[in-house]
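Asker: My structure is in target.csv, and what it holds is CSV, C-alpha atoms and all ligand atoms:
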```csv
chain,number,residue,atom,x,y,z
A,126,MET,CA,7.4,-7.9,-11.9
A,127,ASN,CA,8.5,-4.6,-13.5
A,128,GLY,CA,5.4,-3.9,-15.5
A,129,ASP,CA,7.1,-3.4,-18.9
A,130,ASP,CA,5.1,-6.4,-20.0
A,131,TRP,CA,1.8,-5.6,-18.2
A,132,VAL,CA,-0.5,-4.9,-21.1
A,133,GLY,CA,-4.2,-5.1,-21.0
A,134,VAL,CA,-7.4,-3.0,-20.5
A,135,ASP,CA,-9.4,-2.1,-17.5
A,136,ALA,CA,-13.1,-2.8,-16.9
A,137,ALA,CA,-14.0,0.3,-19.0
A,138,GLY,CA,-11.8,-0.8,-21.9
A,139,LYS,CA,-9.1,1.8,-21.2
A,140,PRO,CA,-5.6,0.5,-21.8
A,141,TRP,CA,-3.4,0.0,-18.7
A,142,VAL,CA,-0.6,2.5,-18.4
A,143,CYS,CA,2.0,0.2,-16.7
A,144,ALA,CA,4.4,0.1,-19.6
A,145,SER,CA,3.6,3.5,-21.1
A,146,GLY,CA,3.2,5.8,-18.1
A,147,LEU,CA,5.8,8.4,-17.1
A,148,ARG,CA,4.6,8.7,-13.5
A,149,GLN,CA,4.7,5.1,-12.3
A,150,SER,CA,5.3,3.7,-8.8
A,151,PRO,CA,7.3,2.6,-6.9
A,152,ILE,CA,10.4,4.6,-7.1
A,153,ASN,CA,13.9,4.6,-5.7
A,154,VAL,CA,13.8,7.4,-3.1
A,155,PRO,CA,16.7,9.8,-3.5
A,156,PRO,CA,18.9,10.8,-0.5
A,157,THR,CA,17.2,13.3,1.7
A,158,HIS,CA,20.1,15.6,1.8
A,159,ALA,CA,20.0,15.9,-2.0
A,160,LEU,CA,16.3,16.7,-1.8
A,161,GLU,CA,16.8,19.3,0.9
A,162,HIS,CA,19.7,20.8,-1.1
A,163,ARG,CA,17.4,21.1,-4.0
A,164,GLY,CA,14.9,23.1,-1.9
A,165,SER,CA,12.4,20.3,-1.9
A,166,THR,CA,11.3,20.6,1.7
A,167,ILE,CA,7.6,20.9,2.3
A,168,PRO,CA,6.8,23.6,4.9
A,169,LEU,CA,5.1,22.4,8.1
A,170,LYS,CA,1.7,24.0,7.2
A,171,HIS,CA,1.7,22.1,3.9
A,172,GLN,CA,2.5,18.7,5.4
A,173,THR,CA,0.1,15.8,5.4
A,174,THR,CA,-1.1,14.8,8.9
A,175,TRP,CA,-2.2,11.3,9.9
A,176,SER,CA,-4.4,10.3,12.8
A,177,TYR,CA,-6.0,6.9,13.0
A,178,PRO,CA,-8.2,5.6,15.8
A,179,ALA,CA,-7.9,1.9,16.7
A,180,ILE,CA,-9.8,-0.5,14.4
A,181,VAL,CA,-11.7,-2.8,16.8
A,182,SER,CA,-12.9,-6.2,15.6
A,183,ASN,CA,-16.3,-7.5,16.7
A,184,GLY,CA,-15.5,-10.8,15.1
A,185,SER,CA,-17.1,-10.2,11.7
A,186,ASN,CA,-16.2,-6.7,10.7
A,187,VAL,CA,-12.5,-6.9,10.0
A,188,GLU,CA,-11.2,-9.2,7.3
A,189,VAL,CA,-7.7,-10.4,6.6
A,190,ILE,CA,-7.6,-11.5,3.0
A,191,ASN,CA,-5.1,-13.5,1.0
A,192,ASN,CA,-5.9,-12.4,-2.5
A,193,GLY,CA,-3.0,-14.2,-4.0
A,194,HIS,CA,-1.0,-11.0,-4.5
A,195,ALA,CA,-1.0,-9.6,-1.0
A,196,ILE,CA,-2.3,-9.9,2.5
A,197,GLN,CA,-4.9,-7.2,2.8
A,198,VAL,CA,-7.0,-6.0,5.7
A,199,GLU,CA,-10.4,-4.5,5.1
A,200,TRP,CA,-13.1,-3.3,7.4
A,201,LEU,CA,-16.8,-3.5,6.8
A,202,SER,CA,-17.9,-0.4,8.7
A,203,PRO,CA,-17.0,3.3,8.3
A,204,TYR,CA,-13.7,4.2,9.7
A,205,ALA,CA,-13.4,7.7,11.0
A,206,ALA,CA,-9.7,8.3,10.6
A,207,ASP,CA,-8.4,11.9,10.3
A,208,VAL,CA,-5.9,12.1,7.5
A,209,GLU,CA,-5.5,15.6,6.1
A,210,ILE,CA,-3.8,16.5,2.8
A,211,ALA,CA,-2.9,20.1,1.9
A,212,VAL,CA,-4.3,21.7,-1.2
A,213,PRO,CA,-4.3,25.4,-2.2
A,214,ALA,CA,-6.7,27.6,-0.2
A,215,GLN,CA,-8.5,28.6,-3.4
A,216,TYR,CA,-8.9,25.4,-5.1
A,217,GLY,CA,-10.9,25.0,-8.3
A,218,ASN,CA,-12.6,22.3,-10.4
A,219,LYS,CA,-9.3,21.2,-11.8
A,220,THR,CA,-7.2,21.1,-8.7
A,221,THR,CA,-5.8,17.6,-8.2
A,222,ILE,CA,-4.8,15.8,-5.0
A,223,THR,CA,-1.1,16.2,-6.0
A,224,ALA,CA,-1.4,20.0,-6.0
A,225,VAL,CA,0.6,20.2,-2.8
A,226,LEU,CA,3.7,19.1,-4.8
A,227,GLY,CA,3.5,22.4,-6.7
A,228,MET,CA,2.7,24.8,-3.9
A,229,GLY,CA,5.0,27.6,-3.0
A,230,ASP,CA,6.2,28.0,0.6
A,231,ASN,CA,3.9,31.0,1.2
A,232,ASP,CA,0.8,29.8,-0.6
A,233,PRO,CA,-2.3,29.9,1.5
A,234,VAL,CA,-3.4,26.4,2.4
A,235,SER,CA,-6.6,24.4,2.8
A,236,THR,CA,-6.9,20.7,3.5
A,237,VAL,CA,-9.0,17.8,2.3
A,238,ARG,CA,-9.7,14.6,4.1
A,239,ALA,CA,-8.4,11.2,3.0
A,240,THR,CA,-10.3,8.2,4.2
A,241,PRO,CA,-8.5,4.9,4.5
A,242,LEU,CA,-10.1,2.0,2.6
A,243,GLN,CA,-7.7,-0.9,3.3
A,244,PHE,CA,-4.1,-1.7,3.9
A,245,HIS,CA,-1.9,-4.4,2.6
A,246,PHE,CA,1.7,-5.5,2.5
A,247,HIS,CA,4.4,-6.2,0.0
A,248,SER,CA,7.6,-8.3,0.4
A,249,ASN,CA,10.1,-7.2,-0.4
A,250,SER,CA,9.4,-3.5,-0.2
A,251,GLU,CA,8.3,-1.8,-3.4
A,252,HIS,CA,10.0,1.5,-2.6
A,253,LEU,CA,13.7,1.6,-2.3
A,254,VAL,CA,15.4,4.2,-0.2
A,255,VAL,CA,18.7,5.3,-1.8
A,256,GLY,CA,18.9,1.9,-3.6
A,257,LYS,CA,18.1,-0.2,-0.5
A,258,TYR,CA,15.2,-2.7,-0.3
A,259,TYR,CA,13.4,-3.4,2.9
A,260,PRO,CA,11.9,-6.8,3.7
A,261,LEU,CA,8.3,-5.5,4.0
A,262,GLU,CA,6.3,-2.5,3.1
A,263,MET,CA,2.7,-1.6,4.2
A,264,HIS,CA,0.4,0.4,2.0
A,265,ILE,CA,-2.5,2.3,3.5
A,266,VAL,CA,-4.8,3.2,0.6
A,267,HIS,CA,-6.9,6.3,1.1
A,268,LYS,CA,-9.7,7.8,-1.0
A,269,ILE,CA,-10.3,11.5,-1.4
A,270,THR,CA,-13.6,12.9,-2.6
A,271,ASP,CA,-13.6,16.5,-1.2
A,272,LEU,CA,-12.0,18.0,-4.3
A,273,PRO,CA,-14.4,18.6,-7.2
A,274,ALA,CA,-12.0,16.9,-9.6
A,275,CYS,CA,-11.9,13.9,-7.3
A,276,ALA,CA,-15.6,13.7,-6.8
A,277,ALA,CA,-16.1,13.8,-10.6
A,278,ALA,CA,-13.6,10.9,-11.0
A,279,GLY,CA,-15.3,8.8,-8.3
A,280,GLY,CA,-12.5,9.6,-5.9
A,281,CYS,CA,-8.7,10.2,-6.0
A,282,PHE,CA,-6.3,8.0,-4.2
A,283,SER,CA,-3.4,8.6,-1.8
A,284,VAL,CA,-1.2,5.8,-0.5
A,285,THR,CA,1.0,5.9,2.6
A,286,GLY,CA,3.9,3.5,2.6
A,287,VAL,CA,5.6,2.3,5.7
A,288,LEU,CA,8.8,0.3,5.5
A,289,PHE,CA,9.8,-2.5,7.9
A,290,GLU,CA,13.2,-3.7,8.8
A,291,LEU,CA,14.2,-7.0,10.3
A,292,ALA,CA,14.7,-6.9,14.1
A,293,ASP,CA,16.5,-9.6,16.0
A,294,GLY,CA,14.0,-9.2,18.9
A,295,GLY,CA,10.6,-10.7,19.2
A,296,ASP,CA,7.5,-10.2,17.0
A,297,ASN,CA,6.2,-6.7,16.3
A,298,PRO,CA,3.2,-6.7,18.7
A,299,LEU,CA,1.3,-4.3,16.5
A,300,LEU,CA,1.2,-6.9,13.7
A,301,LYS,CA,0.5,-10.0,15.9
A,302,ALA,CA,-3.3,-10.1,15.6
A,303,ILE,CA,-3.2,-9.7,11.8
A,304,TRP,CA,-0.4,-12.3,11.4
A,305,ALA,CA,-2.3,-14.7,13.6
A,306,ALA,CA,-5.4,-14.4,11.4
A,307,MET,CA,-3.4,-14.5,8.1
A,308,PRO,CA,-4.9,-17.0,5.7
A,309,MET,CA,-2.2,-19.1,4.1
A,310,ARG,CA,-4.4,-20.3,1.3
A,311,GLU,CA,-4.8,-18.0,-1.7
A,312,GLY,CA,-8.3,-16.7,-2.1
A,313,ALA,CA,-9.1,-17.2,1.6
A,314,ILE,CA,-10.4,-14.7,4.1
A,315,ASN,CA,-10.3,-14.9,7.9
A,316,TYR,CA,-12.0,-12.5,10.3
A,317,LEU,CA,-10.0,-10.9,12.9
A,318,PRO,CA,-11.2,-12.4,16.2
A,319,ALA,CA,-13.6,-10.3,18.4
A,320,GLY,CA,-11.8,-7.9,20.6
A,321,ALA,CA,-8.6,-7.8,18.5
A,322,GLU,CA,-7.5,-4.3,17.7
A,323,ILE,CA,-5.4,-2.7,15.0
A,324,HIS,CA,-3.4,0.4,15.9
A,325,LEU,CA,-2.6,1.9,12.5
A,326,GLU,CA,-1.4,5.1,14.1
A,327,ASP,CA,1.3,3.2,16.0
A,328,LEU,CA,2.4,1.4,12.8
A,329,LEU,CA,3.5,4.7,11.5
A,330,PRO,CA,6.6,6.3,13.0
A,331,PRO,CA,5.8,8.5,16.0
A,332,ALA,CA,4.5,12.0,15.1
A,333,ASN,CA,7.8,13.6,16.1
A,334,ALA,CA,9.8,11.3,13.8
A,335,ARG,CA,7.3,11.1,10.9
A,336,ASP,CA,9.7,12.3,8.1
A,337,TYR,CA,8.3,11.3,4.8
A,338,VAL,CA,8.8,11.8,1.1
A,339,THR,CA,5.9,12.6,-1.2
A,340,TYR,CA,5.5,12.4,-5.0
A,341,GLU,CA,3.0,11.8,-7.8
A,342,GLY,CA,2.8,8.1,-8.8
A,343,SER,CA,0.6,5.2,-9.6
A,344,LEU,CA,-1.0,2.0,-8.5
A,345,THR,CA,1.7,-0.7,-8.5
A,346,THR,CA,-0.6,-3.3,-10.0
A,347,PRO,CA,-2.6,-3.1,-13.3
A,348,PRO,CA,-4.1,-0.9,-14.5
A,349,CYS,CA,-1.2,1.2,-12.9
A,350,THR,CA,-3.5,4.3,-12.9
A,351,GLU,CA,-1.5,7.5,-12.3
A,352,GLY,CA,-2.3,10.7,-10.4
A,353,LEU,CA,-1.9,9.2,-6.9
A,354,LEU,CA,-0.3,11.2,-4.2
A,355,TRP,CA,2.3,8.9,-2.5
A,356,HIS,CA,3.8,9.3,0.9
A,357,VAL,CA,6.6,7.0,2.0
A,358,MET,CA,7.7,7.1,5.7
A,359,LEU,CA,11.5,7.3,6.0
A,360,LYS,CA,11.8,5.8,9.5
A,361,ALA,CA,11.4,2.0,9.2
A,362,GLN,CA,9.3,0.0,11.7
A,363,LYS,CA,10.3,-3.5,13.0
A,364,ILE,CA,9.4,-6.9,11.9
A,365,SER,CA,10.7,-10.2,13.3
A,366,HIS,CA,12.3,-13.0,11.2
A,367,ALA,CA,9.3,-15.2,12.0
A,368,GLN,CA,6.8,-12.6,10.9
A,369,TRP,CA,8.7,-12.0,7.7
A,370,ASN,CA,8.9,-15.7,6.9
A,371,LYS,CA,5.2,-16.2,7.5
A,372,TYR,CA,4.3,-13.4,5.2
A,373,LYS,CA,6.6,-14.7,2.4
A,374,LYS,CA,5.1,-18.2,2.8
A,375,ALA,CA,1.6,-16.8,2.5
A,376,VAL,CA,2.0,-14.8,-0.7
A,377,ALA,CA,5.4,-14.0,-1.9
A,378,LEU,CA,7.8,-17.0,-2.0
A,379,LYS,CA,5.8,-20.1,-2.3
A,380,ASP,CA,7.5,-23.4,-2.4
A,381,CYS,CA,5.5,-24.4,-5.4
A,382,GLU,CA,7.8,-27.0,-6.8
A,383,ALA,CA,7.4,-29.1,-3.7
A,384,ALA,CA,3.6,-28.6,-3.8
A,385,ALA,CA,3.4,-29.1,-7.6
A,386,VAL,CA,2.6,-32.8,-7.2
A,387,ALA,CA,-0.5,-32.0,-5.3
A,388,ASN,CA,-1.5,-29.1,-7.5
A,389,GLU,CA,-2.7,-29.1,-11.0
A,390,THR,CA,-2.3,-25.3,-11.5
A,391,VAL,CA,0.8,-24.1,-13.3
A,392,PRO,CA,2.2,-21.0,-11.6
A,393,SER,CA,2.4,-18.1,-14.1
A,394,ALA,CA,5.4,-15.9,-13.3
A,395,ALA,CA,5.1,-12.2,-13.2
A,396,SER,CA,1.6,-12.0,-14.6
A,397,PRO,CA,-0.5,-10.3,-11.9
A,398,SER,CA,-4.2,-10.8,-12.1
A,399,PRO,CA,-6.0,-7.9,-13.7
A,400,SER,CA,-8.3,-7.9,-10.7
A,401,ALA,CA,-5.4,-7.3,-8.3
A,402,THR,CA,-6.2,-3.6,-8.3
A,403,VAL,CA,-6.3,-1.2,-5.4
A,404,HIS,CA,-9.6,-2.4,-4.0
A,405,HIS,CA,-9.7,-6.1,-4.6
A,406,ARG,CA,-13.3,-5.7,-3.6
A,407,HIS,CA,-15.0,-7.4,-6.6
A,408,HIS,CA,-12.3,-10.0,-6.6
A,409,HIS,CA,-12.9,-10.7,-3.0
A,410,ARG,CA,-16.7,-10.9,-3.2
A,411,ARG,CA,-16.3,-13.3,-6.1
A,412,LEU,CA,-13.9,-15.4,-4.0
A,413,LEU,CA,-16.4,-15.5,-1.1
A,414,GLU,CA,-19.0,-16.8,-3.4
A,415,GLU,CA,-16.8,-19.4,-5.0
A,416,GLU,CA,-15.2,-20.4,-1.8
A,417,ALA,CA,-15.0,-24.1,-1.4
A,418,PRO,CA,-15.5,-25.4,2.1
A,419,VAL,CA,-11.9,-25.9,2.9
A,420,ASN,CA,-9.6,-24.8,5.7
A,421,PRO,CA,-8.4,-21.2,5.0
A,422,ASN,CA,-5.2,-22.0,6.7
A,423,ASP,CA,-4.3,-24.9,4.5
A,424,TYR,CA,-1.1,-24.1,2.6
A,425,THR,CA,-1.6,-24.4,-1.1
A,426,CYS,CA,0.3,-23.3,-4.2
A,427,LYS,CA,-2.3,-22.0,-6.6
A,428,VAL,CA,-0.4,-18.9,-7.4
A,429,VAL,CA,-1.2,-15.5,-8.8
A,430,ALA,CA,2.0,-13.7,-7.9
A,431,TYR,CA,4.5,-16.5,-8.0
A,432,GLY,CA,7.9,-15.6,-6.7
A,433,ALA,CA,7.2,-12.0,-5.7
A,434,ASN,CA,4.6,-9.6,-4.6
A,435,TYR,CA,6.4,-6.4,-5.3
A,436,ARG,CA,6.9,-4.3,-8.4
A,437,SER,CA,10.3,-3.1,-9.4
A,438,SER,CA,11.4,0.5,-9.1
A,439,GLN,CA,10.2,2.8,-11.9
A,440,LYS,CA,12.0,5.8,-13.6
A,441,LEU,CA,11.4,9.2,-12.1
A,442,TYR,CA,11.4,11.1,-15.5
A,443,GLY,CA,12.1,14.3,-13.7
A,444,ARG,CA,9.2,14.1,-11.2
A,445,ALA,CA,9.3,16.2,-8.1
A,446,VAL,CA,10.1,14.3,-4.9
A,447,LYS,CA,9.5,16.4,-1.8
A,448,ILE,CA,10.4,15.8,1.8
A,449,GLY,CA,8.3,16.5,4.9
A,450,ARG,CA,10.4,16.9,8.0
A,451,ALA,CA,8.6,16.1,11.3
A,452,PRO,CA,8.3,19.1,13.6
A,501,ZN,ZN,0.5,-1.9,-2.5
```
Just give me the structure as structure tokens.

Answerer:
Amino acid sequence: MNGDDWVGVDAAGKPWVCASGLRQSPINVPPTHALEHRGSTIPLKHQTTWSYPAIVSNGSNVEVINNGHAIQVEWLSPYAADVEIAVPAQYGNKTTITAVLGMGDNDPVSTVRATPLQFHFHSNSEHLVVGKYYPLEMHIVHKITDLPACAAAGGCFSVTGVLFELADGGDNPLLKAIWAAMPMREGAINYLPAGAEIHLEDLLPPANARDYVTYEGSLTTPPCTEGLLWHVMLKAQKISHAQWNKYKKAVALKDCEAAAVANETVPSAASPSPSATVHHRHHHRRLLEEEAPVNPNDYTCKVVAYGANYRSSQKLYGRAVKIGRAP
């Protein structure tokens, strides 16, 4: 689950960079006081801003997918969220989406729009904060096409990570609809029922507490492509014990030994599917086509990510980690 042994090639025949890359994700986030002491604070005008309208289901436009590696939510209609990432005012053909990490405090700024494509969860968290794991981490995957370099590459990606901590109280109401629709069977898809709403904005810390760290990293599944701008929210959200347990049962910690009798498939430890990339789109279309007429909520043990659905922390190799302090 570390990636040292993730070797392969992508669809275009390019080798994965999981084992060889020097800008891999996730990371162990350093203490914020150390970052601030180092002068790594991003000025307000260079900070990323997030604004997400509610995603409203009509019964057939929002999918909750168990792709075997994660529970992922996708929508089939355009989603007009307003996420703005700072880039230099005078950007050129080679300006990357990670340019904000190298901008000086007084550099004039422009912004580009990041469009959310999907979000999914990992358990345990992939990012650590000062050596500490959280039970759950949500990743909102955004695509950027505004920059010439991104348009040429078919889009650049920026992921926003939100950590969840266990609460003794009841379920997190913002996750309820997704959790209720969560397919327990690997490869299965459920539609969010008509009228159900997802309030992504509220799943982030409130705007006045939206401290985050940002750095250049990678996809956390093969091909582990680098050049992504990562944001990790520092204030954790809440999840109940029951919600955590259900998530683990669906993808992370499967009781495969007990189910082995009823299952012919041998679980392969720590060998994520090459198709478990950021989109999962082809994977999921294929699954739809091959879908046997069985109950998506049946619990099975045909496992892709047996034992874990998170990648271990990767070395920083001197990368800049910057902190954005909420106003
Ligand atoms: Zn992820």

Asker: Give me, as a list of chain:residue names, all polymer residues having an atom no more than 7 Å from Ser248 (chain A), counting all atoms listed in the file and skipping those fewer than 4 positions away in the same chain.

Answerer: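 Everything that qualifies: A:Pro260, A:Leu261, A:Glu262, A:Lys373, A:Ala377, A:Asn434, A:Tyr435.
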
Asker: Just the residues within 9 Å of Gly256 (chain A), please, counting only C-alpha atoms, with nothing from its chain fewer than 4 positions along; format it as a PyMOL selection string.

Answerer: chain A and resi 153-155+252

Asker: Given the choices A:Tyr204, A:Ala211, A:Ala274, A:Tyr216, which gets closest to Thr240 (chain A) if the distance is worked out from all atoms listed in the file?

Answerer: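 When distances to Thr240 (chain A) are compared using all atoms listed in the file, the smallest one comes from A:Tyr204.
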
Asker: Smallest atom-to-atom distance to Ile196 (chain A): which of A:Arg310, A:His171, A:Lys257, A:Arg148, using all atoms listed in the file?

Answerer: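 Distance minimum relative to Ile196 (chain A) lands on A:Arg310.
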
Asker: Would you mind listing what lies within 10 Å of Glu161 (chain A) as a ChimeraX atom specification, with only C-alpha atoms counted and same-chain residues fewer than 3 positions away left out?

Answerer: /A:156-158,164-167,447-450

Asker: Convert the current residue selection to file output with C-alpha atoms, as a short mmCIF file (atom, residue, chain, number, x, y, z; two decimals), in the coordinates of the input.

Answerer:
```
data_model
loop_
_atom_site.label_atom_id
_atom_site.label_comp_id
_atom_site.auth_asym_id
_atom_site.auth_seq_id
_atom_site.Cartn_x
_atom_site.Cartn_y
_atom_site.Cartn_z
CA PRO A 156 18.90 10.80 -0.50
CA THR A 157 17.20 13.30 1.70
CA HIS A 158 20.10 15.60 1.80
CA GLY A 164 14.90 23.10 -1.90
CA SER A 165 12.40 20.30 -1.90
CA THR A 166 11.30 20.60 1.70
CA ILE A 167 7.60 20.90 2.30
CA LYS A 447 9.50 16.40 -1.80
CA ILE A 448 10.40 15.80 1.80
CA GLY A 449 8.30 16.50 4.90
CA ARG A 450 10.40 16.90 8.00
#
```

Asker: Using CA of Arg335 (chain A) and CA of Gln243 (chain A) as the two end points, give the distance in Å to one decimal.

Answerer: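 Taking CA of Arg335 (chain A) as the start and CA of Gln243 (chain A) as the end point, the length is 20.7 Å.
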
Asker: When you draw a straight line from CA of Asp232 (chain A) to CA of Val284 (chain A), how long is it in Å?

Answerer: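 Computed distance, CA of Asp232 (chain A) to CA of Val284 (chain A), equals 24.1 Å.
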
Asker: Would you mind listing the residues within 7 Å of ligand ZN 501 (chain A), counting all atoms listed in the file, as a ChimeraX atom specification?

Answerer: /A:245-247,264,345

Asker: Please measure the separation of CA of Ala144 (chain A) and CA of Pro273 (chain A), giving the value in Å to one decimal.

Answerer: 29.1 Å

Asker: Using the atoms already present, construct N, CA, C and O atoms for region 140-161 of chain A and hand them back as a compact mmCIF listing (two decimals), in the coordinates of the input.

Answerer:
```
# COMPACT_ATOMS: atom_id res chain seq x y z
N PRO A 140 -6.83 1.23 -21.91
CA PRO A 140 -5.60 0.50 -21.80
C PRO A 140 -4.84 0.78 -20.48
O PRO A 140 -4.87 1.92 -20.00
N TRP A 141 -4.22 -0.25 -19.89
CA TRP A 141 -3.40 0.00 -18.70
C TRP A 141 -2.20 0.87 -19.10
O TRP A 141 -1.77 0.86 -20.26
N VAL A 142 -1.68 1.59 -18.13
CA VAL A 142 -0.60 2.50 -18.40
C VAL A 142 0.75 2.01 -17.79
O VAL A 142 1.71 2.74 -17.69
N CYS A 143 0.77 0.74 -17.37
CA CYS A 143 2.00 0.20 -16.70
C CYS A 143 3.24 0.40 -17.48
O CYS A 143 4.27 0.80 -16.97
N ALA A 144 3.17 0.08 -18.77
CA ALA A 144 4.40 0.10 -19.60
C ALA A 144 4.59 1.49 -20.22
O ALA A 144 5.72 1.87 -20.51
N SER A 145 3.51 2.27 -20.42
CA SER A 145 3.60 3.50 -21.10
C SER A 145 3.71 4.75 -20.24
O SER A 145 4.16 5.82 -20.66
N GLY A 146 3.29 4.62 -18.98
CA GLY A 146 3.20 5.80 -18.10
C GLY A 146 4.53 6.37 -17.72
O GLY A 146 5.53 5.66 -17.64
N LEU A 147 4.54 7.68 -17.49
CA LEU A 147 5.80 8.40 -17.10
C LEU A 147 5.75 8.76 -15.63
O LEU A 147 6.67 9.42 -15.15
N ARG A 148 4.68 8.37 -14.93
CA ARG A 148 4.60 8.70 -13.50
C ARG A 148 4.17 7.44 -12.74
O ARG A 148 3.14 7.38 -12.09
N GLN A 149 5.02 6.44 -12.86
CA GLN A 149 4.70 5.10 -12.30
C GLN A 149 5.36 4.95 -10.91
O GLN A 149 6.34 5.62 -10.56
N SER A 150 4.80 4.04 -10.15
CA SER A 150 5.30 3.70 -8.80
C SER A 150 5.65 2.20 -8.81
O SER A 150 5.06 1.44 -9.60
N PRO A 151 6.55 1.76 -7.92
CA PRO A 151 7.30 2.60 -6.90
C PRO A 151 8.49 3.25 -7.52
O PRO A 151 8.73 3.13 -8.71
N ILE A 152 9.22 3.98 -6.67
CA ILE A 152 10.40 4.60 -7.10
C ILE A 152 11.57 4.33 -6.13
O ILE A 152 11.34 3.81 -5.04
N ASN A 153 12.76 4.66 -6.56
CA ASN A 153 13.90 4.60 -5.70
C ASN A 153 14.04 6.03 -5.07
O ASN A 153 14.30 7.00 -5.78
N VAL A 154 13.78 6.13 -3.77
CA VAL A 154 13.80 7.40 -3.10
C VAL A 154 15.18 8.00 -3.03
O VAL A 154 16.08 7.33 -2.51
N PRO A 155 15.39 9.23 -3.54
CA PRO A 155 16.70 9.80 -3.50
C PRO A 155 17.16 10.16 -2.08
O PRO A 155 16.32 10.24 -1.18
N PRO A 156 18.46 10.39 -1.87
CA PRO A 156 18.90 10.80 -0.50
C PRO A 156 18.27 12.05 -0.05
O PRO A 156 18.10 12.99 -0.83
N THR A 157 17.90 12.09 1.22
CA THR A 157 17.20 13.30 1.70
C THR A 157 18.01 14.53 1.66
O THR A 157 17.47 15.60 1.39
N HIS A 158 19.32 14.41 1.86
CA HIS A 158 20.10 15.60 1.80
C HIS A 158 20.14 16.23 0.41
O HIS A 158 20.18 17.44 0.23
N ALA A 159 20.04 15.36 -0.60
CA ALA A 159 20.00 15.90 -2.00
C ALA A 159 18.65 16.59 -2.21
O ALA A 159 18.60 17.64 -2.85
N LEU A 160 17.56 16.03 -1.66
CA LEU A 160 16.30 16.70 -1.80
C LEU A 160 16.24 18.03 -1.09
O LEU A 160 15.74 19.03 -1.61
N GLU A 161 16.82 18.05 0.11
CA GLU A 161 16.80 19.30 0.90
C GLU A 161 17.70 20.35 0.20
O GLU A 161 17.36 21.53 0.13
```
